[in-house]
>>> print(open('run_8.json').read())   # JSON, C-alpha atoms
[["chain", "number", "residue", "atom", "x", "y", "z"],
["A", 1, "MET", "CA", 85.99, 184.55, -100.41],
["A", 2, "THR", "CA", 88.10, 181.91, -98.63],
["A", 3, "HIS", "CA", 89.42, 182.92, -95.24],
["A", 4, "PRO", "CA", 93.30, 183.06, -95.29],
["A", 5, "THR", "CA", 93.61, 180.96, -92.12],
["A", 6, "LEU", "CA", 91.30, 178.26, -93.54],
["A", 7, "SER", "CA", 93.26, 178.26, -96.78],
["A", 8, "ARG", "CA", 96.53, 177.77, -94.91],
["A", 9, "THR", "CA", 94.97, 174.94, -92.89],
["A", 10, "ARG", "CA", 93.80, 173.18, -96.08],
["A", 11, "ARG", "CA", 97.25, 173.54, -97.64],
["A", 12, "ALA", "CA", 98.86, 172.14, -94.51],
["A", 13, "LEU", "CA", 96.47, 169.19, -94.46],
["A", 14, "LEU", "CA", 97.04, 168.56, -98.16],
["A", 15, "THR", "CA", 100.80, 168.64, -97.63],
["A", 16, "CYS", "CA", 100.50, 166.16, -94.75],
["A", 17, "ALA", "CA", 98.33, 163.87, -96.90],
["A", 18, "VAL", "CA", 100.87, 163.95, -99.76],
["A", 19, "LEU", "CA", 103.76, 163.25, -97.36],
["A", 20, "ALA", "CA", 101.84, 160.40, -95.73],
["A", 21, "ALA", "CA", 101.03, 158.91, -99.12],
["A", 22, "GLY", "CA", 104.66, 159.24, -100.14],
["A", 23, "THR", "CA", 105.84, 157.56, -96.94],
["A", 24, "ALA", "CA", 103.33, 154.74, -97.41],
["A", 25, "PHE", "CA", 104.47, 154.26, -101.01],
["A", 26, "THR", "CA", 108.12, 154.23, -99.95],
["A", 27, "GLY", "CA", 107.33, 151.71, -97.24],
["A", 28, "LEU", "CA", 105.51, 149.50, -99.75],
["A", 29, "ALA", "CA", 108.38, 149.78, -102.21],
["A", 30, "GLN", "CA", 110.87, 148.83, -99.49],
["A", 31, "ALA", "CA", 108.74, 145.87, -98.45],
["A", 32, "GLN", "CA", 108.55, 144.72, -102.06],
["A", 33, "ALA", "CA", 112.30, 145.21, -102.47],
["A", 34, "GLN", "CA", 112.92, 143.12, -99.36],
["A", 35, "ALA", "CA", 110.63, 140.36, -100.64],
["A", 36, "VAL", "CA", 113.53, 138.88, -102.59],
["A", 37, "PHE", "CA", 115.44, 135.90, -101.23],
["A", 38, "ARG", "CA", 119.07, 136.22, -102.32],
["A", 39, "VAL", "CA", 121.36, 133.24, -102.76],
["A", 40, "THR", "CA", 125.09, 133.21, -103.46],
["A", 41, "ALA", "CA", 127.89, 130.65, -103.75],
["A", 42, "ILE", "CA", 131.66, 130.59, -103.47],
["A", 43, "PRO", "CA", 133.07, 131.00, -107.01],
["A", 44, "ASP", "CA", 134.88, 127.66, -107.10],
["A", 45, "GLU", "CA", 133.99, 127.10, -110.76],
["A", 46, "ALA", "CA", 133.51, 129.28, -113.84],
["A", 47, "PRO", "CA", 130.72, 131.91, -113.49],
["A", 48, "THR", "CA", 128.73, 130.35, -116.35],
["A", 49, "GLU", "CA", 128.78, 126.96, -114.63],
["A", 50, "LEU", "CA", 127.68, 128.45, -111.29],
["A", 51, "ALA", "CA", 124.78, 130.24, -112.99],
["A", 52, "ARG", "CA", 123.75, 127.05, -114.81],
["A", 53, "LYS", "CA", 123.77, 125.07, -111.56],
["A", 54, "ALA", "CA", 121.78, 127.76, -109.73],
["A", 55, "ALA", "CA", 118.95, 128.31, -112.24],
["A", 56, "PRO", "CA", 116.69, 125.29, -111.47],
["A", 57, "LEU", "CA", 117.38, 125.56, -107.74],
["A", 58, "VAL", "CA", 116.29, 129.21, -107.77],
["A", 59, "LYS", "CA", 113.05, 128.27, -109.55],
["A", 60, "TYR", "CA", 112.42, 125.45, -107.06],
["A", 61, "LEU", "CA", 113.02, 127.65, -104.01],
["A", 62, "GLU", "CA", 110.65, 130.29, -105.38],
["A", 63, "SER", "CA", 107.86, 127.72, -105.43],
["A", 64, "LYS", "CA", 108.66, 126.55, -101.89],
["A", 65, "LEU", "CA", 109.21, 129.95, -100.28],
["A", 66, "GLY", "CA", 106.46, 131.78, -102.15],
["A", 67, "MET", "CA", 108.73, 134.71, -103.00],
["A", 68, "LYS", "CA", 111.18, 135.84, -105.64],
["A", 69, "VAL", "CA", 114.60, 134.19, -105.39],
["A", 70, "GLU", "CA", 117.72, 135.60, -107.04],
["A", 71, "PHE", "CA", 121.20, 134.14, -107.48],
["A", 72, "THR", "CA", 123.75, 136.83, -106.65],
["A", 73, "PRO", "CA", 127.26, 135.96, -107.91],
["A", 74, "VAL", "CA", 130.32, 137.23, -106.04],
["A", 75, "THR", "CA", 133.85, 137.94, -107.24],
["A", 76, "ASP", "CA", 135.77, 135.80, -104.77],
["A", 77, "TYR", "CA", 135.51, 133.61, -101.68],
["A", 78, "ALA", "CA", 135.98, 136.51, -99.25],
["A", 79, "ALA", "CA", 133.05, 138.35, -100.86],
["A", 80, "SER", "CA", 130.74, 135.39, -100.22],
["A", 81, "VAL", "CA", 131.70, 135.43, -96.54],
["A", 82, "GLU", "CA", 131.10, 139.17, -96.21],
["A", 83, "ALA", "CA", 127.81, 138.97, -98.11],
["A", 84, "LEU", "CA", 126.22, 136.53, -95.63],
["A", 85, "VAL", "CA", 127.85, 137.97, -92.51],
["A", 86, "ASN", "CA", 126.49, 141.42, -93.43],
["A", 87, "LYS", "CA", 123.11, 139.99, -94.53],
["A", 88, "LYS", "CA", 123.47, 141.19, -98.12],
["A", 89, "VAL", "CA", 122.31, 137.68, -99.09],
["A", 90, "ASP", "CA", 120.03, 135.24, -97.28],
["A", 91, "MET", "CA", 121.79, 131.96, -98.01],
["A", 92, "ALA", "CA", 125.26, 131.00, -99.21],
["A", 93, "TRP", "CA", 126.88, 127.87, -100.57],
["A", 94, "PHE", "CA", 130.12, 127.61, -98.61],
["A", 95, "GLY", "CA", 133.02, 125.22, -98.51],
["A", 96, "GLY", "CA", 133.88, 123.98, -95.03],
["A", 97, "PHE", "CA", 136.65, 126.56, -94.64],
["A", 98, "THR", "CA", 134.55, 129.50, -95.88],
["A", 99, "PHE", "CA", 131.83, 128.45, -93.42],
["A", 100, "VAL", "CA", 134.42, 128.48, -90.61],
["A", 101, "GLN", "CA", 135.67, 131.91, -91.75],
["A", 102, "ALA", "CA", 132.11, 133.27, -91.84],
["A", 103, "ASN", "CA", 131.27, 131.78, -88.46],
["A", 104, "VAL", "CA", 134.37, 133.24, -86.82],
["A", 105, "ARG", "CA", 133.91, 136.58, -88.62],
["A", 106, "SER", "CA", 130.29, 136.83, -87.40],
["A", 107, "GLY", "CA", 130.92, 135.74, -83.83],
["A", 108, "GLY", "CA", 129.09, 132.45, -84.31],
["A", 109, "LYS", "CA", 126.08, 133.93, -86.12],
["A", 110, "ILE", "CA", 126.33, 131.78, -89.27],
["A", 111, "VAL", "CA", 124.32, 128.55, -89.21],
["A", 112, "PRO", "CA", 125.08, 125.59, -91.52],
["A", 113, "LEU", "CA", 121.69, 124.34, -92.65],
["A", 114, "VAL", "CA", 122.20, 121.30, -94.90],
["A", 115, "GLN", "CA", 125.01, 119.58, -96.74],
["A", 116, "ARG", "CA", 125.08, 117.04, -99.53],
["A", 117, "GLU", "CA", 125.29, 113.46, -98.37],
["A", 118, "GLU", "CA", 128.68, 113.38, -100.12],
["A", 119, "ASP", "CA", 129.97, 116.23, -97.96],
["A", 120, "GLN", "CA", 130.03, 114.00, -94.90],
["A", 121, "ASN", "CA", 132.96, 112.13, -96.49],
["A", 122, "PHE", "CA", 134.48, 114.57, -98.94],
["A", 123, "LYS", "CA", 137.96, 114.21, -100.47],
["A", 124, "SER", "CA", 140.53, 116.10, -102.50],
["A", 125, "VAL", "CA", 142.85, 114.77, -105.19],
["A", 126, "PHE", "CA", 146.35, 115.70, -106.31],
["A", 127, "ILE", "CA", 146.82, 115.44, -110.07],
["A", 128, "THR", "CA", 149.75, 115.64, -112.50],
["A", 129, "SER", "CA", 150.54, 115.31, -116.20],
["A", 130, "ASP", "CA", 154.23, 114.54, -115.54],
["A", 131, "PRO", "CA", 154.97, 110.78, -115.99],
["A", 132, "ALA", "CA", 157.88, 111.04, -113.53],
["A", 133, "ILE", "CA", 155.62, 112.11, -110.66],
["A", 134, "GLN", "CA", 154.11, 109.14, -108.86],
["A", 135, "SER", "CA", 153.60, 110.38, -105.30],
["A", 136, "LEU", "CA", 153.32, 113.53, -103.17],
["A", 137, "THR", "CA", 157.05, 113.33, -102.40],
["A", 138, "ASP", "CA", 157.77, 113.59, -106.13],
["A", 139, "LEU", "CA", 156.16, 117.05, -106.13],
["A", 140, "LYS", "CA", 159.14, 118.44, -104.21],
["A", 141, "GLY", "CA", 161.00, 120.96, -106.34],
["A", 142, "LYS", "CA", 158.02, 121.31, -108.71],
["A", 143, "ASP", "CA", 155.47, 124.02, -109.50],
["A", 144, "VAL", "CA", 152.20, 123.12, -107.74],
["A", 145, "SER", "CA", 148.82, 124.85, -107.90],
["A", 146, "PHE", "CA", 146.04, 125.03, -105.35],
["A", 147, "GLY", "CA", 142.63, 126.58, -106.13],
["A", 148, "SER", "CA", 141.52, 129.61, -104.16],
["A", 149, "GLN", "CA", 143.42, 130.41, -100.96],
["A", 150, "SER", "CA", 140.09, 130.14, -99.08],
["A", 151, "SER", "CA", 139.11, 126.82, -100.68],
["A", 152, "THR", "CA", 138.63, 123.87, -98.34],
["A", 153, "SER", "CA", 139.09, 121.11, -100.92],
["A", 154, "GLY", "CA", 141.38, 123.09, -103.22],
["A", 155, "HIS", "CA", 143.81, 124.42, -100.61],
["A", 156, "LEU", "CA", 143.24, 124.04, -96.86],
["A", 157, "MET", "CA", 142.76, 120.27, -96.62],
["A", 158, "PRO", "CA", 145.32, 119.37, -99.32],
["A", 159, "ARG", "CA", 147.83, 121.62, -97.48],
["A", 160, "SER", "CA", 146.90, 119.97, -94.18],
["A", 161, "PHE", "CA", 147.57, 116.48, -95.53],
["A", 162, "LEU", "CA", 150.85, 117.62, -97.12],
["A", 163, "LEU", "CA", 152.01, 118.99, -93.76],
["A", 164, "GLN", "CA", 151.02, 115.71, -92.08],
["A", 165, "GLN", "CA", 153.38, 113.95, -94.48],
["A", 166, "GLY", "CA", 156.20, 116.34, -93.71],
["A", 167, "ILE", "CA", 155.88, 118.38, -96.91],
["A", 168, "ASN", "CA", 155.86, 122.17, -96.51],
["A", 169, "PRO", "CA", 154.58, 123.78, -99.73],
["A", 170, "GLU", "CA", 156.52, 127.06, -99.31],
["A", 171, "LYS", "CA", 159.79, 125.26, -98.52],
["A", 172, "ASP", "CA", 159.53, 122.11, -100.60],
["A", 173, "PHE", "CA", 157.80, 123.20, -103.82],
["A", 174, "LYS", "CA", 159.63, 125.28, -106.41],
["A", 175, "ARG", "CA", 156.57, 127.52, -106.72],
["A", 176, "VAL", "CA", 153.13, 127.64, -105.10],
["A", 177, "ALA", "CA", 150.36, 128.96, -107.38],
["A", 178, "PHE", "CA", 146.69, 129.71, -106.75],
["A", 179, "SER", "CA", 144.46, 129.17, -109.79],
["A", 180, "GLY", "CA", 141.31, 130.56, -108.13],
["A", 181, "ALA", "CA", 139.02, 127.62, -109.02],
["A", 182, "HIS", "CA", 139.06, 123.83, -109.39],
["A", 183, "ASP", "CA", 138.51, 123.81, -113.16],
["A", 184, "ALA", "CA", 141.35, 126.33, -113.55],
["A", 185, "THR", "CA", 143.66, 124.00, -111.59],
["A", 186, "ILE", "CA", 142.89, 121.16, -114.00],
["A", 187, "ALA", "CA", 143.61, 123.47, -116.95],
["A", 188, "ALA", "CA", 146.94, 124.59, -115.42],
["A", 189, "VAL", "CA", 148.07, 120.98, -114.91],
["A", 190, "ALA", "CA", 146.83, 119.81, -118.33],
["A", 191, "SER", "CA", 148.65, 122.64, -120.11],
["A", 192, "GLY", "CA", 151.90, 122.04, -118.24],
["A", 193, "LYS", "CA", 151.91, 125.44, -116.51],
["A", 194, "VAL", "CA", 152.37, 123.54, -113.25],
["A", 195, "GLN", "CA", 153.48, 119.97, -112.62],
["A", 196, "GLY", "CA", 150.92, 119.26, -109.91],
["A", 197, "GLY", "CA", 147.60, 120.51, -108.60],
["A", 198, "ALA", "CA", 145.11, 119.90, -105.80],
["A", 199, "LEU", "CA", 141.35, 120.07, -106.21],
["A", 200, "ASN", "CA", 137.87, 118.93, -105.24],
["A", 201, "ILE", "CA", 137.31, 115.25, -106.12],
["A", 202, "SER", "CA", 133.76, 115.81, -107.42],
["A", 203, "VAL", "CA", 134.91, 118.42, -109.97],
["A", 204, "TRP", "CA", 137.68, 116.06, -111.09],
["A", 205, "GLU", "CA", 135.24, 113.15, -111.51],
["A", 206, "LYS", "CA", 132.80, 115.39, -113.41],
["A", 207, "PHE", "CA", 135.54, 116.50, -115.81],
["A", 208, "VAL", "CA", 136.54, 112.88, -116.42],
["A", 209, "ALA", "CA", 132.89, 111.79, -116.94],
["A", 210, "ASP", "CA", 132.25, 114.68, -119.34],
["A", 211, "LYS", "CA", 135.50, 113.89, -121.21],
["A", 212, "LYS", "CA", 136.82, 117.40, -120.55],
["A", 213, "VAL", "CA", 140.11, 115.89, -119.41],
["A", 214, "ASP", "CA", 141.98, 112.79, -120.58],
["A", 215, "PRO", "CA", 142.79, 110.68, -117.47],
["A", 216, "THR", "CA", 145.56, 108.90, -119.39],
["A", 217, "LYS", "CA", 147.38, 112.23, -119.68],
["A", 218, "VAL", "CA", 146.30, 113.93, -116.46],
["A", 219, "ARG", "CA", 146.04, 111.49, -113.57],
["A", 220, "VAL", "CA", 145.46, 111.31, -109.83],
["A", 221, "ILE", "CA", 148.54, 110.57, -107.73],
["A", 222, "TYR", "CA", 146.95, 110.96, -104.29],
["A", 223, "THR", "CA", 143.46, 111.00, -102.80],
["A", 224, "THR", "CA", 143.11, 112.49, -99.32],
["A", 225, "PRO", "CA", 141.34, 110.88, -96.35],
["A", 226, "PRO", "CA", 137.71, 112.06, -95.97],
["A", 227, "TYR", "CA", 136.55, 115.22, -94.20],
["A", 228, "PHE", "CA", 133.37, 117.33, -93.90],
["A", 229, "ASP", "CA", 133.01, 119.97, -96.59],
["A", 230, "TYR", "CA", 130.39, 122.09, -98.37],
["A", 231, "ASN", "CA", 127.09, 123.33, -96.92],
["A", 232, "TRP", "CA", 124.24, 125.78, -97.42],
["A", 233, "SER", "CA", 124.48, 128.35, -94.64],
["A", 234, "VAL", "CA", 122.14, 131.10, -93.38],
["A", 235, "HIS", "CA", 122.41, 133.92, -90.84],
["A", 236, "ALA", "CA", 121.20, 133.18, -87.31],
["A", 237, "ASP", "CA", 118.90, 136.22, -87.53],
["A", 238, "MET", "CA", 116.79, 134.49, -90.19],
["A", 239, "PRO", "CA", 113.30, 133.73, -88.76],
["A", 240, "ALA", "CA", 113.06, 130.16, -87.52],
["A", 241, "ALA", "CA", 110.03, 129.47, -89.73],
["A", 242, "THR", "CA", 111.93, 130.50, -92.87],
["A", 243, "ARG", "CA", 114.93, 128.45, -91.84],
["A", 244, "GLN", "CA", 112.72, 125.41, -91.30],
["A", 245, "LYS", "CA", 110.98, 125.89, -94.65],
["A", 246, "LEU", "CA", 114.35, 126.13, -96.41],
["A", 247, "ALA", "CA", 115.75, 123.03, -94.73],
["A", 248, "GLU", "CA", 112.64, 121.02, -95.59],
["A", 249, "ALA", "CA", 112.72, 122.23, -99.21],
["A", 250, "LEU", "CA", 116.35, 121.16, -99.65],
["A", 251, "THR", "CA", 116.19, 117.84, -97.78],
["A", 252, "SER", "CA", 113.00, 116.82, -99.61],
["A", 253, "LEU", "CA", 114.68, 117.02, -103.03],
["A", 254, "SER", "CA", 114.63, 113.56, -104.57],
["A", 255, "LYS", "CA", 115.97, 112.01, -107.75],
["A", 256, "ALA", "CA", 112.61, 110.26, -108.02],
["A", 257, "THR", "CA", 111.13, 113.47, -109.49],
["A", 258, "PRO", "CA", 112.32, 115.19, -112.71],
["A", 259, "GLU", "CA", 112.78, 118.49, -110.86],
["A", 260, "GLY", "CA", 114.71, 116.91, -108.00],
["A", 261, "LYS", "CA", 116.84, 114.84, -110.37],
["A", 262, "GLU", "CA", 117.91, 117.91, -112.36],
["A", 263, "ILE", "CA", 118.77, 119.96, -109.29],
["A", 264, "LEU", "CA", 120.62, 117.19, -107.45],
["A", 265, "GLU", "CA", 122.64, 116.17, -110.51],
["A", 266, "LEU", "CA", 123.69, 119.77, -111.13],
["A", 267, "GLN", "CA", 124.67, 120.06, -107.46],
["A", 268, "ARG", "CA", 126.50, 116.72, -107.75],
["A", 269, "ALA", "CA", 124.47, 115.37, -104.84],
["A", 270, "THR", "CA", 122.54, 112.19, -104.09],
["A", 271, "LYS", "CA", 120.52, 114.16, -101.54],
["A", 272, "PHE", "CA", 120.81, 116.94, -98.96],
["A", 273, "VAL", "CA", 121.00, 116.06, -95.25],
["A", 274, "PRO", "CA", 120.92, 118.23, -92.10],
["A", 275, "THR", "CA", 124.27, 119.44, -90.76],
["A", 276, "LYS", "CA", 125.61, 121.37, -87.76],
["A", 277, "ALA", "CA", 128.49, 123.67, -86.86],
["A", 278, "GLU", "CA", 130.24, 120.94, -84.83],
["A", 279, "ASN", "CA", 130.89, 119.01, -88.06],
["A", 280, "TYR", "CA", 133.39, 121.69, -89.10],
["A", 281, "LYS", "CA", 135.53, 121.76, -85.96],
["A", 282, "GLY", "CA", 138.11, 119.57, -87.72],
["A", 283, "ILE", "CA", 138.41, 122.07, -90.55],
["A", 284, "GLU", "CA", 138.74, 124.94, -88.08],
["A", 285, "ALA", "CA", 141.52, 123.05, -86.31],
["A", 286, "ALA", "CA", 143.28, 122.38, -89.63],
["A", 287, "ALA", "CA", 143.02, 126.08, -90.56],
["A", 288, "ARG", "CA", 144.49, 127.20, -87.24],
["A", 289, "SER", "CA", 147.26, 124.59, -87.48],
["A", 290, "ALA", "CA", 148.16, 125.81, -90.97],
["A", 291, "GLU", "CA", 147.98, 129.43, -89.71],
["A", 292, "LEU", "CA", 145.27, 130.24, -92.24],
["A", 293, "LEU", "CA", 142.73, 131.46, -89.68]]
>>> encode(input="run_8.json", output="structure tokens")
Amino acid sequence: MTHPTLSRTRRALLTCAVLAAGTAFTGLAQAQAQAVFRVTAIPDEAPTELARKAAPLVKYLESKLGMKVEFTPVTDYAASVEALVNKKVDMAWFGGFTFVQANVRSGGKIVPLVQREEDQNFKSVFITSDPAIQSLTDLKGKDVSFGSQSSTSGHLMPRSFLLQQGINPEKDFKRVAFSGAHDATIAAVASGKVQGGALNISVWEKFVADKKVDPTKVRVIYTTPPYFDYNWSVHADMPAATRQKLAEALTSLSKATPEGKEILELQRATKFVPTKAENYKGIEAAARSAELL
């Protein structure tokens, strides 16, 4: 006959063992769940296009980081900022203005890692389908569309250059619209919903090259001076070794390899180069001047 005290001791030990096993399993599950590197991007183009551009980059980063990588789409620009600031994702593709917003929002904890070579001298274009419009001044009294309100190349910098030329969108345009994305701005201008629009020059050039827009019907009336724009950013709390590995993976992409060629062409880049927060001081100044920050 088993002694009651011994029986209780065995049950207690068994319970402890089960709890310990459960805790260990939970810990393992959490570790496995955390072993996913999450990437997002501002939704400056259609969701299908963003997913198409991300797919080969995700596969490449998995091979370089030795862990699962997932592309996590967001609904709008503000959501991309919050996702990285709150460490819901590990890396984000920001425009210059969204980087500035994230950096300010986080108290300087967002680090720009690399940018495309093209982003050192980025530009925006103003387009129209109205034959009577030949310059920015001719947009006065017209309906004009920007992209997203938080877009660097689709709103902030075009607005900044308009203000420099003495044109105040709210006072001088008949109506100010926000399409939400660069491709949507092209569609709004092409369909005649608005008489003018401002967008990212690389999206415009891609649409022309792919024959998705007829440049004899929709044309550029103004190209802005250059400025710094997009970058891949991470949180400052990311381990230095991971940050270094990421930077090396992105800057080593080359069009000399099939893999590198595919990724760089989808990203509309010749190559990625290191960048730093100081590069975006001009954009921060433009945002404060336009009272957008």
>>> atom_distance(input="run_8.json", atom1="CA of Ser135 (chain A)", atom2="CA of Phe97 (chain A)")
25.7 Å
>>> atom_distance(input="run_8.json", atom1="CA of Ala55 (chain A)", atom2="CA of Val39 (chain A)")
11.0 Å
>>> closest_residue(input="run_8.json", among="A:Thr242, A:Thr137, A:Ser80, A:Gln165", to="Phe37 (chain A)", atoms="all atoms listed in the file")
A:Thr242
>>> atom_distance(input="run_8.json", atom1="CA of Ser148 (chain A)", atom2="CA of Leu293 (chain A)")
14.6 Å
>>> residues_around(input="run_8.json", residues="Ile201 (chain A)", least_positions_apart="5", cutoff="7 Å", atoms="all atoms listed in the file", output="list of chain:residue names")
A:Lys123, A:Ser124, A:Val125
>>> closest_residue(input="run_8.json", among="A:Ala92, A:Leu65, A:Ala83, A:Ala198", to="Gln115 (chain A)", atoms="all atoms listed in the file")
A:Ala92
>>> residues_near_point(input="run_8.json", point="(142.4, 130.5, -112.8)", cutoff="10 Å", atoms="all atoms listed in the file", output="VMD selection string")
chain A and resid 44 to 46 145 to 148 177 to 188
>>> closest_residue(input="run_8.json", among="A:Met91, A:Leu139, A:Ala241, A:Val100", to="Phe228 (chain A)", atoms="all atoms listed in the file")
A:Val100
>>> closest_residue(input="run_8.json", among="A:Pro73, A:Pro56, A:Pro112, A:Pro47", to="Gly260 (chain A)", atoms="all atoms listed in the file")
A:Pro56
>>> residues_around(input="run_8.json", residues="Asp143 (chain A)", least_positions_apart="3", cutoff="6 Å", atoms="only C-alpha atoms", output="PyMOL selection string")
chain A and resi 174-175+194-195
>>> residues_near_point(input="run_8.json", point="(117.3, 117.9, -94.5)", cutoff="10 Å", atoms="only C-alpha atoms", output="PDB file with C-alpha atoms, in the coordinates of the input")
ATOM      1  CA  LEU A 113     121.690 124.340 -92.650  1.00  0.00           C
ATOM      2  CA  VAL A 114     122.200 121.300 -94.900  1.00  0.00           C
ATOM      3  CA  GLN A 115     125.010 119.580 -96.740  1.00  0.00           C
ATOM      4  CA  ARG A 116     125.080 117.040 -99.530  1.00  0.00           C
ATOM      5  CA  GLU A 117     125.290 113.460 -98.370  1.00  0.00           C
ATOM      6  CA  GLN A 244     112.720 125.410 -91.300  1.00  0.00           C
ATOM      7  CA  LEU A 246     114.350 126.130 -96.410  1.00  0.00           C
ATOM      8  CA  ALA A 247     115.750 123.030 -94.730  1.00  0.00           C
ATOM      9  CA  GLU A 248     112.640 121.020 -95.590  1.00  0.00           C
ATOM     10  CA  ALA A 249     112.720 122.230 -99.210  1.00  0.00           C
ATOM     11  CA  LEU A 250     116.350 121.160 -99.650  1.00  0.00           C
ATOM     12  CA  THR A 251     116.190 117.840 -97.780  1.00  0.00           C
ATOM     13  CA  SER A 252     113.000 116.820 -99.610  1.00  0.00           C
ATOM     14  CA  LEU A 253     114.680 117.020-103.030  1.00  0.00           C
ATOM     15  CA  LYS A 271     120.520 114.160-101.540  1.00  0.00           C
ATOM     16  CA  PHE A 272     120.810 116.940 -98.960  1.00  0.00           C
ATOM     17  CA  VAL A 273     121.000 116.060 -95.250  1.00  0.00           C
ATOM     18  CA  PRO A 274     120.920 118.230 -92.100  1.00  0.00           C
ATOM     19  CA  THR A 275     124.270 119.440 -90.760  1.00  0.00           C
TER      20      THR A 275
END
>>> closest_residue(input="run_8.json", among="A:Lys261, A:Ala209, A:Asp76, A:Gly96", to="His155 (chain A)", atoms="all atoms listed in the file")
A:Gly96
>>> closest_residue(input="run_8.json", among="A:Val208, A:Ala102, A:Val89, A:Ile221", to="Ala132 (chain A)", atoms="only C-alpha atoms")
A:Ile221
>>> residues_around(input="run_8.json", residues="region 52-54 of chain A", least_positions_apart="2", cutoff="12 Å", atoms="only C-alpha atoms", output="MDAnalysis selection string")
chainID A and resid 38:41 43 45:50 56:61 69:73 92:93 262:269
